[in-house]
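In what follows, a structure is listed as structure tokens, so that the remarks can point back to it.
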Amino acid sequence: MDQKLIKANIALYNGSRSEAHRLLGEYAAENSHPEPEMTPLLLWLDAQAQDDRTARTEKLTLLVEKGGKNNRYVEIAREQLAWEQKYADKNAPAEDVPVLPDDEKPKRRLPAVWGVDLKKVAVFAIIGILIGAVLWAFLGNRPVEDDRSLVNLLTATAPVATTTPTLAPDRSVRIDPIQHEAEYPDGRLQISAFEDDSGRVGDLRGNLQSSVAGTRFFAMHLIFECANDGTCSNPPEAALFALTSTGATIPPVGDVGIIGEDLMQPVGSGSNTNGWVIFQIPRASSVNALVILQRPASVGGEQPDPIVIPLNNASAETPLDITVETTSDVNP
């Protein structure tokens with residue numbers, strides 16, 4: 001995909017319609033006769049770059065008319081137009097808002113404590129006080145020996161059942177990091193493995209996570225070498241996006257990783273760190289590349305062109321069996 005279209009897609013993700021509109025204009029000036037299969041994507045991006053709702057609706061309608069059949073962007077445009085139509089009149093006059101009868105108005109409730117109504121809290125408190133009083137009276141009339149045995153019985157800690165999440169098999173695929181690397185001012189980034197539809201994704205506490213319905217987890221194992229003559233506190237010091245087969249750019253999922261493996265850690269210049277990055281992609285899409293969006297060289301500086309590391313030549317038959325390190329002496 002053209003660099004300007006990738007940047008326009010990312011600009012829309014960041015909410016900058018004006019930047020996306022500018023990039024699309026530059027692309028149109030350089031490509032007066034784009035390939036026919038690019039038309040739906042271009043119409044979709046052009047529609048989303050419009051600030052005016054009416055103009056956006058007109059562009060979406062044009063996409064539906066000219067995008068062809070069985071096209072993902074045409075289907076999304078239809079859904080958005082239906083949504084726009086459904087909520088077009090949601091700002092109805094105040095007199096049109098129905099007034100509920102008194103017997104249908106929501107009843108006032110007491111505040112809740114940890115999700116429990118205050119009435120129930122009060123009842124539980126009274127019951128607890130009564131039980132405490134009975135135990136106090138009971139313990140006060142028993143010999144010391146019996147008191148000890150009863151106290152031991154009351155304070156004994158029952159075994160706590162611990163459950164370990166059942167992980168899916170490791171189906172990660174090893175690829176040559178030298179053939180899948182990119183260099184930029186802050187360092188060098190390599191892809192050493194990936195795992196499509198991973199069932200080993202968990203949060204920072206090790207709790208197994210499930211992807212949203214209609215999506216799957218795509219994990220990439222990355223190696224980053226810091227080279228900024230200082231400290232790389234947020235490796236890889238760039239924004240990452242998974243470029244899908246539909247042309248979408250999808251950012252990583254935050255605060256998740258592969259259970260049992262570390263995330264990339266801050267390192268000093270000349271040192272390496274590595275770890276897994278997780279993307280959540282639609283089931284109908286495949287991941288074609290990793291897009292690296294560098295930071296501008298200075299505040300207000302021009303945004304560098306995205307760097308794309310293709311995954312097309314990755315072999316899906318080579319299993320991965322490595323131990324992830326996060327120490328500074330790891331060599332890529």
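A note on labels: chains of the structure tokens are A, B, ... as shown, every chain counts residues from 1, and ligands are counted from 1 in their shown order.
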* Could you name the residues that touch Leu208 (chain A) at 12 Å or less, counting only C-alpha atoms, but leaving out those on the same chain fewer than 2 positions away, as a ChimeraX atom specification? -> /A:163-168,198-206,210-211,256-260
* Asked: Closest to Leu240 (chain A) among A:Ala213, A:Met220, A:Val291, A:Ala82, using only C-alpha atoms?
  -> A:Val291
* **Residue among A:Asn9, A:Ser192, A:Ser269, A:Gln303 lying closest to Ala49 (chain A), counting only C-alpha atoms** => A:Asn9
* Tell me which protein, DNA and RNA residues are within 7 Å of Leu43 (chain A), counting only C-alpha atoms, leaving out same-chain ones fewer than 3 positions away, and put them as an MDAnalysis selection string. => chainID A and resid 39:40 46:47 59 63
Go ahead and write the residues just picked, C-alpha atoms, as a PDB file, in the first residue's frame.
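Written out: selection.pdb:
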```pdb
ATOM      1  CA  THR A  39     -11.357   2.585  -5.623  1.00  0.00           C
ATOM      2  CA  PRO A  40     -13.411   1.336  -2.600  1.00  0.00           C
ATOM      3  CA  ASP A  46     -12.271  10.234   1.383  1.00  0.00           C
ATOM      4  CA  ALA A  47     -15.661   9.891   3.095  1.00  0.00           C
ATOM      5  CA  LYS A  59     -19.348  10.224  -0.117  1.00  0.00           C
ATOM      6  CA  LEU A  63     -19.068   4.368  -2.287  1.00  0.00           C
TER       7      LEU A  63
END
```
